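K.L.:
Following this line is final15.csv, made up of CSV, C-alpha atoms and all ligand atoms:
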```csv
chain,number,residue,atom,x,y,z
A,1,VAL,CA,-8.8,-39.4,-4.4
A,2,SER,CA,-6.1,-41.9,-5.3
A,3,GLU,CA,-3.2,-42.5,-3.0
A,4,SER,CA,-0.7,-40.9,-5.3
A,5,ALA,CA,-3.0,-37.9,-5.9
A,6,ALA,CA,-3.3,-37.4,-2.1
A,7,LYS,CA,0.5,-37.2,-1.9
A,8,LEU,CA,0.8,-34.5,-4.6
A,9,PRO,CA,2.5,-31.4,-3.2
A,10,SER,CA,-0.5,-29.1,-3.5
A,11,LYS,CA,1.3,-26.1,-2.1
A,12,ILE,CA,4.1,-26.3,-4.6
A,13,LEU,CA,1.7,-26.9,-7.5
A,14,GLU,CA,-0.3,-23.9,-6.4
A,15,LEU,CA,2.8,-21.7,-6.4
A,16,MET,CA,3.9,-23.1,-9.8
A,17,ASP,CA,0.6,-21.8,-11.3
A,18,GLY,CA,0.4,-18.7,-9.1
A,19,PHE,CA,1.9,-16.4,-11.7
A,20,ARG,CA,-0.7,-17.4,-14.3
A,21,ALA,CA,-3.5,-16.7,-11.8
A,22,SER,CA,-2.0,-13.3,-10.8
A,23,LYS,CA,-1.7,-12.3,-14.5
A,24,ALA,CA,-5.3,-13.4,-15.3
A,25,LEU,CA,-6.5,-11.1,-12.4
A,26,PHE,CA,-4.3,-8.2,-13.6
A,27,VAL,CA,-5.5,-8.4,-17.2
A,28,ALA,CA,-9.1,-8.8,-16.4
A,29,SER,CA,-8.8,-5.7,-14.1
A,30,LYS,CA,-6.9,-3.8,-16.7
A,31,LEU,CA,-9.6,-4.5,-19.3
A,32,LYS,CA,-12.1,-3.4,-16.7
A,33,ILE,CA,-14.1,-6.7,-17.2
A,34,PHE,CA,-15.4,-6.4,-13.6
A,35,ASP,CA,-16.7,-2.9,-14.3
A,36,HIS,CA,-18.5,-4.1,-17.4
A,37,LEU,CA,-20.1,-6.9,-15.4
A,38,LYS,CA,-21.1,-4.8,-12.4
A,39,ASP,CA,-24.8,-4.6,-11.8
A,40,LYS,CA,-25.5,-6.3,-15.1
A,41,GLY,CA,-27.2,-9.6,-15.5
A,42,PRO,CA,-25.0,-12.5,-16.8
A,43,LEU,CA,-23.3,-11.6,-20.0
A,44,LYS,CA,-21.9,-13.9,-22.7
A,45,ALA,CA,-18.2,-13.8,-23.7
A,46,VAL,CA,-19.1,-12.4,-27.2
A,47,ASP,CA,-20.9,-9.4,-25.6
A,48,ILE,CA,-18.1,-8.7,-23.2
A,49,ALA,CA,-15.5,-9.0,-26.0
A,50,ASP,CA,-17.6,-6.6,-28.0
A,51,GLU,CA,-17.8,-4.0,-25.2
A,52,VAL,CA,-14.1,-4.3,-24.2
A,53,GLY,CA,-12.8,-4.5,-27.8
A,54,THR,CA,-11.0,-7.9,-27.5
A,55,SER,CA,-11.1,-11.2,-29.4
A,56,VAL,CA,-14.0,-13.5,-28.5
A,57,CYS,CA,-11.8,-16.6,-28.1
A,58,GLY,CA,-9.3,-14.8,-25.9
A,59,THR,CA,-12.0,-13.2,-23.8
A,60,GLU,CA,-13.7,-16.5,-23.3
A,61,ARG,CA,-10.5,-18.1,-22.1
A,62,LEU,CA,-9.9,-15.2,-19.7
A,63,LEU,CA,-13.5,-15.3,-18.4
A,64,ASP,CA,-13.2,-19.0,-17.8
A,65,ALA,CA,-9.9,-18.5,-16.0
A,66,CYS,CA,-11.6,-15.9,-13.8
A,67,ALA,CA,-14.5,-18.2,-13.1
A,68,ALA,CA,-12.0,-21.0,-12.2
A,69,LEU,CA,-10.3,-18.7,-9.8
A,70,GLY,CA,-13.6,-17.8,-8.1
A,71,LEU,CA,-13.7,-14.2,-9.3
A,72,LEU,CA,-16.6,-14.7,-11.7
A,73,GLU,CA,-19.7,-17.0,-11.7
A,74,LYS,CA,-20.4,-18.8,-14.9
A,75,THR,CA,-23.9,-20.2,-15.7
A,76,THR,CA,-25.6,-21.1,-19.0
A,77,GLN,CA,-26.7,-17.5,-19.2
A,78,GLY,CA,-23.1,-16.2,-19.1
A,79,TYR,CA,-20.7,-14.7,-16.7
A,80,SER,CA,-21.4,-12.4,-13.7
A,81,ASN,CA,-19.3,-10.9,-10.9
A,82,THR,CA,-19.0,-12.6,-7.5
A,83,ASP,CA,-19.8,-10.4,-4.5
A,84,SER,CA,-16.1,-10.1,-3.9
A,85,ALA,CA,-15.4,-8.9,-7.4
A,86,ASN,CA,-18.2,-6.3,-7.1
A,87,THR,CA,-16.6,-5.0,-3.9
A,88,TYR,CA,-12.9,-5.2,-4.5
A,89,LEU,CA,-12.3,-5.5,-8.3
A,90,THR,CA,-14.5,-2.8,-9.8
A,91,SER,CA,-12.6,0.4,-10.3
A,92,ASP,CA,-14.9,2.8,-8.5
A,93,GLY,CA,-16.0,0.8,-5.4
A,94,GLU,CA,-15.2,2.2,-2.0
A,95,TYR,CA,-12.9,-0.7,-1.2
A,96,SER,CA,-11.6,-1.1,-4.7
A,97,LEU,CA,-8.2,-2.8,-5.0
A,98,HIS,CA,-8.1,-1.8,-8.7
A,99,GLY,CA,-5.4,0.8,-8.2
A,100,TYR,CA,-3.1,-1.6,-6.4
A,101,ILE,CA,-3.8,-4.3,-9.0
A,102,ILE,CA,-2.8,-2.0,-11.9
A,103,HIS,CA,0.3,-0.9,-10.0
A,104,SER,CA,1.1,-4.6,-9.5
A,105,ASN,CA,0.7,-5.3,-13.2
A,106,ASP,CA,2.5,-2.2,-14.6
A,107,HIS,CA,5.2,-1.7,-12.0
A,108,LEU,CA,5.8,-4.7,-9.8
A,109,TRP,CA,5.4,-7.4,-12.5
A,110,PRO,CA,8.3,-6.1,-14.6
A,111,LEU,CA,10.4,-5.8,-11.5
A,112,PHE,CA,9.7,-9.3,-10.4
A,113,THR,CA,10.4,-10.6,-13.9
A,114,ASN,CA,13.9,-9.6,-13.1
A,115,LEU,CA,14.0,-11.1,-9.7
A,116,GLU,CA,16.9,-13.5,-10.6
A,117,SER,CA,19.1,-10.5,-11.4
A,118,ALA,CA,17.9,-8.7,-8.4
A,119,VAL,CA,19.0,-11.5,-6.1
A,120,LYS,CA,22.3,-12.0,-7.9
A,121,GLU,CA,23.1,-8.2,-7.7
A,122,GLY,CA,21.3,-7.4,-4.5
A,123,SER,CA,19.6,-4.4,-6.0
A,124,ARG,CA,16.4,-3.0,-7.5
A,125,GLN,CA,16.1,-3.8,-11.2
A,126,ASN,CA,14.6,-0.6,-12.6
A,127,HIS,CA,17.2,-0.3,-15.3
A,128,ARG,CA,16.2,-3.8,-16.6
A,129,ALA,CA,12.5,-3.5,-16.1
A,130,PHE,CA,12.0,0.1,-17.3
A,131,GLY,CA,15.3,0.9,-19.1
A,132,LYS,CA,16.5,3.5,-16.6
A,133,LYS,CA,18.0,3.6,-13.2
A,134,ALA,CA,15.9,4.8,-10.3
A,135,GLU,CA,17.4,7.8,-8.6
A,136,ASP,CA,14.8,7.9,-5.8
A,137,LEU,CA,11.8,5.6,-5.7
A,138,PHE,CA,9.3,8.5,-5.7
A,139,LYS,CA,11.0,10.6,-8.3
A,140,ASP,CA,10.6,7.5,-10.4
A,141,TYR,CA,6.8,7.3,-9.7
A,142,TYR,CA,6.2,11.0,-10.2
A,143,HIS,CA,8.0,11.5,-13.5
A,144,SER,CA,4.8,11.3,-15.4
A,145,GLN,CA,1.2,12.3,-14.5
A,146,GLU,CA,-0.1,8.8,-15.5
A,147,VAL,CA,2.4,6.9,-13.3
A,148,LYS,CA,1.9,9.3,-10.4
A,149,GLN,CA,-1.9,8.9,-10.6
A,150,ARG,CA,-1.5,5.1,-10.8
A,151,PHE,CA,0.8,5.1,-7.8
A,152,MET,CA,-1.4,7.3,-5.7
A,153,ALA,CA,-4.5,5.2,-6.6
A,154,ALA,CA,-2.5,2.1,-5.5
A,155,MET,CA,-1.5,3.7,-2.2
A,156,HIS,CA,-5.1,5.0,-1.7
A,157,SER,CA,-6.7,1.6,-2.2
A,158,ILE,CA,-4.6,-0.1,0.5
A,159,ALA,CA,-4.7,2.9,2.9
A,160,HIS,CA,-8.4,3.1,2.7
A,161,LEU,CA,-8.8,-0.6,3.4
A,162,THR,CA,-6.5,-0.5,6.4
A,163,ALA,CA,-7.3,3.0,7.8
A,164,ARG,CA,-9.9,2.0,10.3
A,165,ASP,CA,-7.8,-0.7,11.9
A,166,VAL,CA,-4.7,1.5,12.0
A,167,ALA,CA,-6.7,4.5,13.4
A,168,THR,CA,-8.3,2.3,16.2
A,169,ALA,CA,-5.3,0.1,17.0
A,170,PHE,CA,-4.7,2.6,19.9
A,171,ASP,CA,-6.9,5.1,21.7
A,172,LEU,CA,-5.8,8.4,20.1
A,173,SER,CA,-8.5,10.6,21.6
A,174,GLN,CA,-6.1,12.5,23.8
A,175,PHE,CA,-4.5,14.1,20.7
A,176,ARG,CA,-5.7,17.4,19.2
A,177,SER,CA,-3.4,17.6,16.2
A,178,ALA,CA,-1.7,15.0,14.0
A,179,CYS,CA,0.6,15.2,11.1
A,180,ASP,CA,0.7,12.3,8.6
A,181,LEU,CA,4.2,12.5,7.1
A,182,GLY,CA,4.0,11.0,3.6
A,183,GLY,CA,0.3,10.9,4.0
A,184,CYS,CA,-0.3,10.8,0.2
A,185,THR,CA,-4.0,11.1,-0.7
A,186,GLY,CA,-5.2,11.6,2.9
A,187,ALA,CA,-7.0,8.3,3.2
A,188,LEU,CA,-5.8,7.7,6.8
A,189,ALA,CA,-6.3,11.3,7.8
A,190,HIS,CA,-9.9,11.3,6.7
A,191,GLU,CA,-10.6,8.1,8.7
A,192,LEU,CA,-8.9,9.6,11.8
A,193,VAL,CA,-11.1,12.7,11.8
A,194,GLN,CA,-14.2,10.5,11.5
A,195,ILE,CA,-13.1,8.4,14.5
A,196,TYR,CA,-11.7,11.3,16.6
A,197,PRO,CA,-13.9,14.4,15.8
A,198,ASN,CA,-11.6,16.6,17.9
A,199,LEU,CA,-8.6,15.9,15.9
A,200,LYS,CA,-7.1,18.0,13.1
A,201,VAL,CA,-4.8,16.3,10.7
A,202,THR,CA,-2.2,17.8,8.4
A,203,VAL,CA,-1.2,15.6,5.5
A,204,PHE,CA,2.4,16.4,4.6
A,205,ASP,CA,3.8,15.1,1.3
A,206,LEU,CA,5.8,16.1,-1.8
A,207,PRO,CA,4.4,19.0,-3.9
A,208,GLU,CA,3.7,16.7,-6.8
A,209,VAL,CA,1.5,14.5,-4.6
A,210,ILE,CA,-0.3,17.4,-2.8
A,211,ALA,CA,-1.1,19.0,-6.2
A,212,ASN,CA,-2.9,15.8,-7.2
A,213,THR,CA,-5.0,15.0,-4.0
A,214,SER,CA,-8.3,16.6,-4.9
A,215,TYR,CA,-9.4,13.5,-7.0
A,216,PHE,CA,-9.2,11.3,-3.9
A,217,GLN,CA,-11.1,13.5,-1.4
A,218,PRO,CA,-14.3,12.1,0.2
A,219,SER,CA,-17.4,14.2,0.9
A,220,GLY,CA,-19.0,14.2,4.3
A,221,GLN,CA,-18.6,15.2,7.9
A,222,HIS,CA,-15.3,16.5,9.4
A,223,THR,CA,-13.5,16.7,6.0
A,224,ALA,CA,-12.5,20.3,6.8
A,225,GLN,CA,-10.4,19.0,9.6
A,226,VAL,CA,-7.9,17.5,7.1
A,227,THR,CA,-5.5,20.0,5.5
A,228,PHE,CA,-2.6,19.4,3.1
A,229,VAL,CA,0.9,20.8,3.2
A,230,SER,CA,3.6,20.2,0.7
A,231,GLY,CA,7.2,19.7,1.5
A,232,ASP,CA,10.1,17.3,1.7
A,233,PHE,CA,10.3,15.5,5.0
A,234,PHE,CA,14.1,15.1,4.7
A,235,LYS,CA,14.7,18.8,4.2
A,236,ASP,CA,11.8,21.1,5.2
A,237,ASN,CA,10.4,22.0,8.6
A,238,LEU,CA,7.7,19.6,9.7
A,239,PRO,CA,4.3,21.0,10.8
A,240,GLU,CA,3.7,21.1,14.5
A,241,ALA,CA,1.5,18.4,15.9
A,242,ASP,CA,1.1,16.3,19.1
A,243,LEU,CA,0.9,13.1,17.0
A,244,TYR,CA,3.1,12.3,14.1
A,245,ILE,CA,2.3,9.4,11.7
A,246,LEU,CA,4.6,7.5,9.4
A,247,SER,CA,2.5,5.0,7.5
A,248,ARG,CA,4.4,2.8,5.0
A,249,VAL,CA,7.3,5.2,5.0
A,250,LEU,CA,10.0,3.7,7.1
A,251,HIS,CA,10.2,0.5,5.1
A,252,ASP,CA,11.2,2.4,1.9
A,253,TRP,CA,14.4,4.1,3.0
A,254,PRO,CA,18.0,3.1,3.8
A,255,ASP,CA,19.3,3.6,7.4
A,256,GLU,CA,21.0,7.0,6.6
A,257,LYS,CA,17.7,8.5,5.4
A,258,ILE,CA,15.7,7.0,8.3
A,259,HIS,CA,18.3,8.7,10.5
A,260,VAL,CA,17.6,12.1,9.0
A,261,LEU,CA,13.8,11.6,9.2
A,262,LEU,CA,13.6,10.2,12.7
A,263,SER,CA,16.0,12.8,14.0
A,264,LYS,CA,13.8,15.5,12.6
A,265,VAL,CA,10.6,13.9,14.0
A,266,SER,CA,12.2,13.4,17.4
A,267,ALA,CA,13.4,17.0,17.5
A,268,VAL,CA,10.0,18.5,16.6
A,269,CYS,CA,8.1,16.2,18.9
A,270,LYS,CA,7.5,17.6,22.4
A,271,PRO,CA,7.8,15.3,25.4
A,272,GLY,CA,4.5,13.4,25.8
A,273,SER,CA,3.7,13.8,22.1
A,274,ALA,CA,3.6,10.6,20.1
A,275,LEU,CA,4.6,8.8,16.9
A,276,LEU,CA,2.3,6.3,15.3
A,277,VAL,CA,4.0,4.0,12.7
A,278,ALA,CA,1.9,1.8,10.4
A,279,GLU,CA,3.8,-1.0,8.7
A,280,ILE,CA,3.5,-4.7,8.4
A,281,VAL,CA,5.3,-5.9,11.5
A,282,LEU,CA,7.3,-9.1,10.9
A,283,ASP,CA,7.5,-11.9,13.5
A,284,GLU,CA,10.8,-12.3,15.2
A,285,GLN,CA,12.0,-15.0,12.7
A,286,LYS,CA,11.2,-12.5,9.9
A,287,THR,CA,9.3,-15.1,7.9
A,288,HIS,CA,5.8,-14.0,8.6
A,289,PRO,CA,3.6,-12.6,7.3
A,290,PRO,CA,4.7,-13.8,3.8
A,291,ARG,CA,3.2,-10.6,2.2
A,292,ALA,CA,5.9,-8.5,3.9
A,293,VAL,CA,8.6,-11.0,3.2
A,294,LEU,CA,7.7,-11.1,-0.5
A,295,GLN,CA,7.4,-7.3,-0.7
A,296,SER,CA,11.1,-7.2,0.3
A,297,LEU,CA,12.0,-8.9,-2.9
A,298,SER,CA,11.4,-5.7,-4.9
A,299,MET,CA,14.7,-4.7,-3.3
A,300,THR,CA,14.1,-1.1,-2.3
A,301,GLU,CA,16.9,0.2,-0.3
A,302,GLY,CA,14.7,0.0,2.8
A,303,LYS,CA,13.6,-3.1,4.7
A,304,GLN,CA,10.8,-4.7,6.6
A,305,ARG,CA,11.3,-4.9,10.4
A,306,SER,CA,10.2,-7.1,13.3
A,307,GLY,CA,8.5,-5.8,16.4
A,308,SER,CA,11.7,-5.8,18.4
A,309,GLU,CA,13.5,-4.0,15.5
A,310,TYR,CA,10.9,-1.2,15.5
A,311,LYS,CA,11.2,-0.9,19.2
A,312,GLN,CA,14.9,-0.6,19.1
A,313,LEU,CA,14.8,1.9,16.2
A,314,LEU,CA,12.3,4.1,17.9
A,315,GLU,CA,14.0,4.0,21.3
A,316,LYS,CA,17.2,5.1,19.6
A,317,TYR,CA,15.5,8.3,18.6
A,318,GLY,CA,14.2,9.2,22.0
A,319,PHE,CA,10.8,7.5,22.0
A,320,THR,CA,9.6,5.2,24.8
A,321,ASN,CA,6.5,3.1,25.8
A,322,VAL,CA,6.7,1.4,22.4
A,323,GLN,CA,3.5,-0.6,21.9
A,324,ILE,CA,2.8,-2.9,19.0
A,325,LYS,CA,-0.6,-3.9,17.8
A,326,ILE,CA,-0.9,-6.7,15.2
A,327,THR,CA,-4.2,-5.8,13.6
A,328,GLY,CA,-4.9,-8.8,11.4
A,329,ASN,CA,-5.3,-6.3,8.5
A,330,LEU,CA,-2.8,-5.5,5.8
A,331,LEU,CA,-1.0,-3.0,8.1
A,332,ASP,CA,-0.1,-3.2,11.8
A,333,ALA,CA,0.5,-0.3,14.2
A,334,VAL,CA,3.2,0.8,16.5
A,335,LEU,CA,2.7,3.7,19.0
A,336,CYS,CA,5.5,5.4,21.0
A,337,ILE,CA,5.8,8.4,23.2
A,338,LYS,CA,8.5,11.1,23.1
A,339,LYS,CA,10.6,10.8,26.3
A,340,ASN,CA,11.2,13.7,28.7
A,341,PRO,CA,14.8,14.9,28.2
A,342,SER,CA,17.0,13.4,30.8
A,343,PRO,CA,17.7,15.8,33.7
B,401,LIG,N1,1.3,7.0,4.0
B,401,LIG,C1,0.6,6.5,2.8
B,401,LIG,C2,0.0,5.2,3.0
B,401,LIG,O1,0.3,4.5,3.9
B,401,LIG,O2,-0.8,4.8,2.1
B,401,LIG,C3,1.5,6.5,1.6
B,401,LIG,C4,2.7,5.6,1.6
B,401,LIG,S1,3.8,5.7,0.2
B,401,LIG,C5,4.6,4.1,0.3
B,401,LIG,C6,5.0,6.8,0.8
B,401,LIG,C7,4.6,8.3,0.7
B,401,LIG,O3,5.8,9.1,1.1
B,401,LIG,C8,4.3,8.7,-0.7
B,401,LIG,O4,3.0,9.4,-0.6
B,401,LIG,C9,5.4,9.7,-1.0
B,401,LIG,O5,5.0,10.7,-1.9
B,401,LIG,C10,5.8,10.2,0.3
B,401,LIG,N2,7.2,10.7,0.3
B,401,LIG,C11,8.3,10.2,-0.3
B,401,LIG,N3,9.4,11.0,-0.1
B,401,LIG,C12,9.0,12.0,0.6
B,401,LIG,C13,9.6,13.2,1.0
B,401,LIG,N4,10.9,13.4,0.8
B,401,LIG,N5,8.9,14.1,1.7
B,401,LIG,C14,7.6,13.9,1.9
B,401,LIG,N6,6.9,12.8,1.5
B,401,LIG,C15,7.6,11.9,0.8
```
Please re-express this file's structure in C-alpha cells.

P.N.:
Amino acid sequence: VSESAAKLPSKILELMDGFRASKALFVASKLKIFDHLKDKGPLKAVDIADEVGTSVCGTERLLDACAALGLLEKTTQGYSNTDSANTYLTSDGEYSLHGYIIHSNDHLWPLFTNLESAVKEGSRQNHRAFGKKAEDLFKDYYHSQEVKQRFMAAMHSIAHLTARDVATAFDLSQFRSACDLGGCTGALAHELVQIYPNLKVTVFDLPEVIANTSYFQPSGQHTAQVTFVSGDFFKDNLPEADLYILSRVLHDWPDEKIHVLLSKVSAVCKPGSALLVAEIVLDEQKTHPPRAVLQSLSMTEGKQRSGSEYKQLLEKYGFTNVQIKITGNLLDAVLCIKKNPSP
C-alpha cells in the first residue's frame, strides 16, 4: 500500500458509499434473490434473472455488488448464498431479517431521503416521504393490511433475534404472570414461556395487531401459555400481571404520552411486582451505540435514553432497584420493582 493510500480516510469513504451498499442489500432482498439461491447450487446471472423476471445485465451488476459486499459467493459456476445470507436474508429463515430489511427499504429509506428537511424543521417527514402527515406513528403503519403486515414482520424479526437475551438478562423465574404491553406478534412472549415454563404471558396490543398475529405463531411446547388481548394502553384497563414488559415502546412516544402510560402501569403494579423495559440503552454521552443514535434521526416524537435517564424516569413513577443490563445484542434490558407505598 502506498503512503498516500494508507492515509486515505477509510471510514469516511465507507460512509460515502454506505447508501449504495444498503440499497443493493434492500433490492436483492426485495427481489428475493437470497430465497432463489437458497439450497441451490451456484446459479448464473441469466438463470436468476429469468426466475426473478429482471434484466440480465442489471441482475449481473446487482449479484456482483452482493458478492463484493460479502453477501454472495461468486465462482466460475455462478453465484451462491453465503451462510450468513442463508440464515438472515432468506425470507423464511428462523432468524430472518427480511421483514426489517423490507421495512427499511419501503418506510425508512423515503424518510431518510428527507433527512435534511427533518433536521431543518425538527420533525418527522411523513408528508414529504409519503404525501400525508402522520397522526400517530401506528395509525400510519396500520392503515393498510400490506403496510401492517410489513411492519409486524419487521418487529417480529428483531424481536425474535433479541428475545433470548432480553428474557435472560435477569432471572425472572419468581414471576407467574407477565403482560407484554405493545407485545406485537408475541415473539418475546413465546421465548419467555420457553425459558420460564411456570410463566403465563398476556400480549397486549392494538386490535388491528392482535387480529393479525396468527401468521407469526410458532408451534411447540408451552405455546398455550401465551394469550393475546387487544386494547389501547393509553386508554384501556391493563391486564393484571406481576411482571409488565415494555419492549421498544418508550422510545416512540413524547413525554406526555409516556406520563399517561407509566402512570397507568405504576397504578396497576402491586408492590414487589416488576417492570421490564427492553430498549437500546445509550451511554451517558449519548453517542453510543450508533444504531440507537441513527434511529433517532427518523424524528419520532419520542427519544432514545441513557441508563441514568431510564433510571430517573422509572423512579419518577414509583419504581425502585433499577438494574440495567447491556446485553451486547440489539436490545438491552432494564428491570425495576414497584416500591411499597410510603407509610
Ligand atoms: N414490543 C414489540 C417489540 O419489541 O418487537 C413491538 C414494538 S413496536 C415498536 C411498538 C408496539 O406498540 C406495536 O406493536 C404497536 O402496535 C404497539 N402499540 C402502539 N400504540 C399502542 C397502544 N395505544 N396500545 C397498545 N399497543 C400499542

K.L.:
With distances taken over only C-alpha atoms and all ligand atoms, which of A:Leu314, A:Leu161, A:Leu238, A:Met155 is nearest to ligand LIG 401 (chain B)?

P.N.:
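Nearest candidate to ligand LIG 401 (chain B) out of A:Leu314, A:Leu161, A:Leu238, A:Met155: A:Met155.
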
K.L.:
Could you state the separation of CA of Pro110 (chain A) and CA of Ala68 (chain A) in Å, given to one decimal place?

P.N.:
25.3 Å

K.L.:
Show me which residues line ligand LIG 401 (chain B), defined as having an atom within 6 Å of a ligand atom where only C-alpha atoms and all ligand atoms count, and present them as a PyMOL selection string.

P.N.:
chain A and resi 138+155-156+159+182-184+205-206+209+231-234+247-249

K.L.:
Hey, can you pull every residue with an atom no more than 12 Å from (17.3, 6.3, 1.1), using only C-alpha atoms, and send it as a JSON list (two decimals) with C-alpha atoms, in the frame of the given file?

P.N.:
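Contents of point_13.json, as written:
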```json
[["chain", "number", "residue", "atom", "x", "y", "z"],
["A", 134, "ALA", "CA", 15.90, 4.80, -10.30],
["A", 135, "GLU", "CA", 17.40, 7.80, -8.60],
["A", 136, "ASP", "CA", 14.80, 7.90, -5.80],
["A", 137, "LEU", "CA", 11.80, 5.60, -5.70],
["A", 138, "PHE", "CA", 9.30, 8.50, -5.70],
["A", 234, "PHE", "CA", 14.10, 15.10, 4.70],
["A", 249, "VAL", "CA", 7.30, 5.20, 5.00],
["A", 250, "LEU", "CA", 10.00, 3.70, 7.10],
["A", 251, "HIS", "CA", 10.20, 0.50, 5.10],
["A", 252, "ASP", "CA", 11.20, 2.40, 1.90],
["A", 253, "TRP", "CA", 14.40, 4.10, 3.00],
["A", 254, "PRO", "CA", 18.00, 3.10, 3.80],
["A", 255, "ASP", "CA", 19.30, 3.60, 7.40],
["A", 256, "GLU", "CA", 21.00, 7.00, 6.60],
["A", 257, "LYS", "CA", 17.70, 8.50, 5.40],
["A", 258, "ILE", "CA", 15.70, 7.00, 8.30],
["A", 259, "HIS", "CA", 18.30, 8.70, 10.50],
["A", 260, "VAL", "CA", 17.60, 12.10, 9.00],
["A", 261, "LEU", "CA", 13.80, 11.60, 9.20],
["A", 300, "THR", "CA", 14.10, -1.10, -2.30],
["A", 301, "GLU", "CA", 16.90, 0.20, -0.30],
["A", 302, "GLY", "CA", 14.70, 0.00, 2.80],
["A", 303, "LYS", "CA", 13.60, -3.10, 4.70]]
```

K.L.:
Could I get the residues of region 82-176 of chain A with an atom no further than 10 Å from an atom of region 325-331 of chain A, each paired with its nearest atom pair and that distance in Å to one decimal, using only C-alpha atoms, sorted by chain and residue number, as CSV?

P.N.:
```
residue,atom,partner,partner_atom,distance
A:Ile158,CA,A:Leu330,CA,7.8
A:Ala159,CA,A:Leu331,CA,8.7
A:Leu161,CA,A:Leu330,CA,8.1
A:Thr162,CA,A:Leu330,CA,6.2
A:Ala163,CA,A:Leu331,CA,8.7
A:Arg164,CA,A:Asn329,CA,9.7
A:Asp165,CA,A:Thr327,CA,6.5
A:Val166,CA,A:Leu331,CA,7.0
A:Thr168,CA,A:Thr327,CA,9.4
A:Ala169,CA,A:Lys325,CA,6.2
A:Phe170,CA,A:Lys325,CA,8.0
```

K.L.:
Using all atoms listed in the file, determine which residues lie at most 12 Å from Phe19 (chain A), disregarding the query and same-chain residues fewer than 4 positions distant; provide the list as a list in words.

P.N.:
Leu13, Glu14, Leu15, Lys23, Ala24, Leu25, Phe26, Asn105, Trp109, Phe112 and Thr113 of chain A
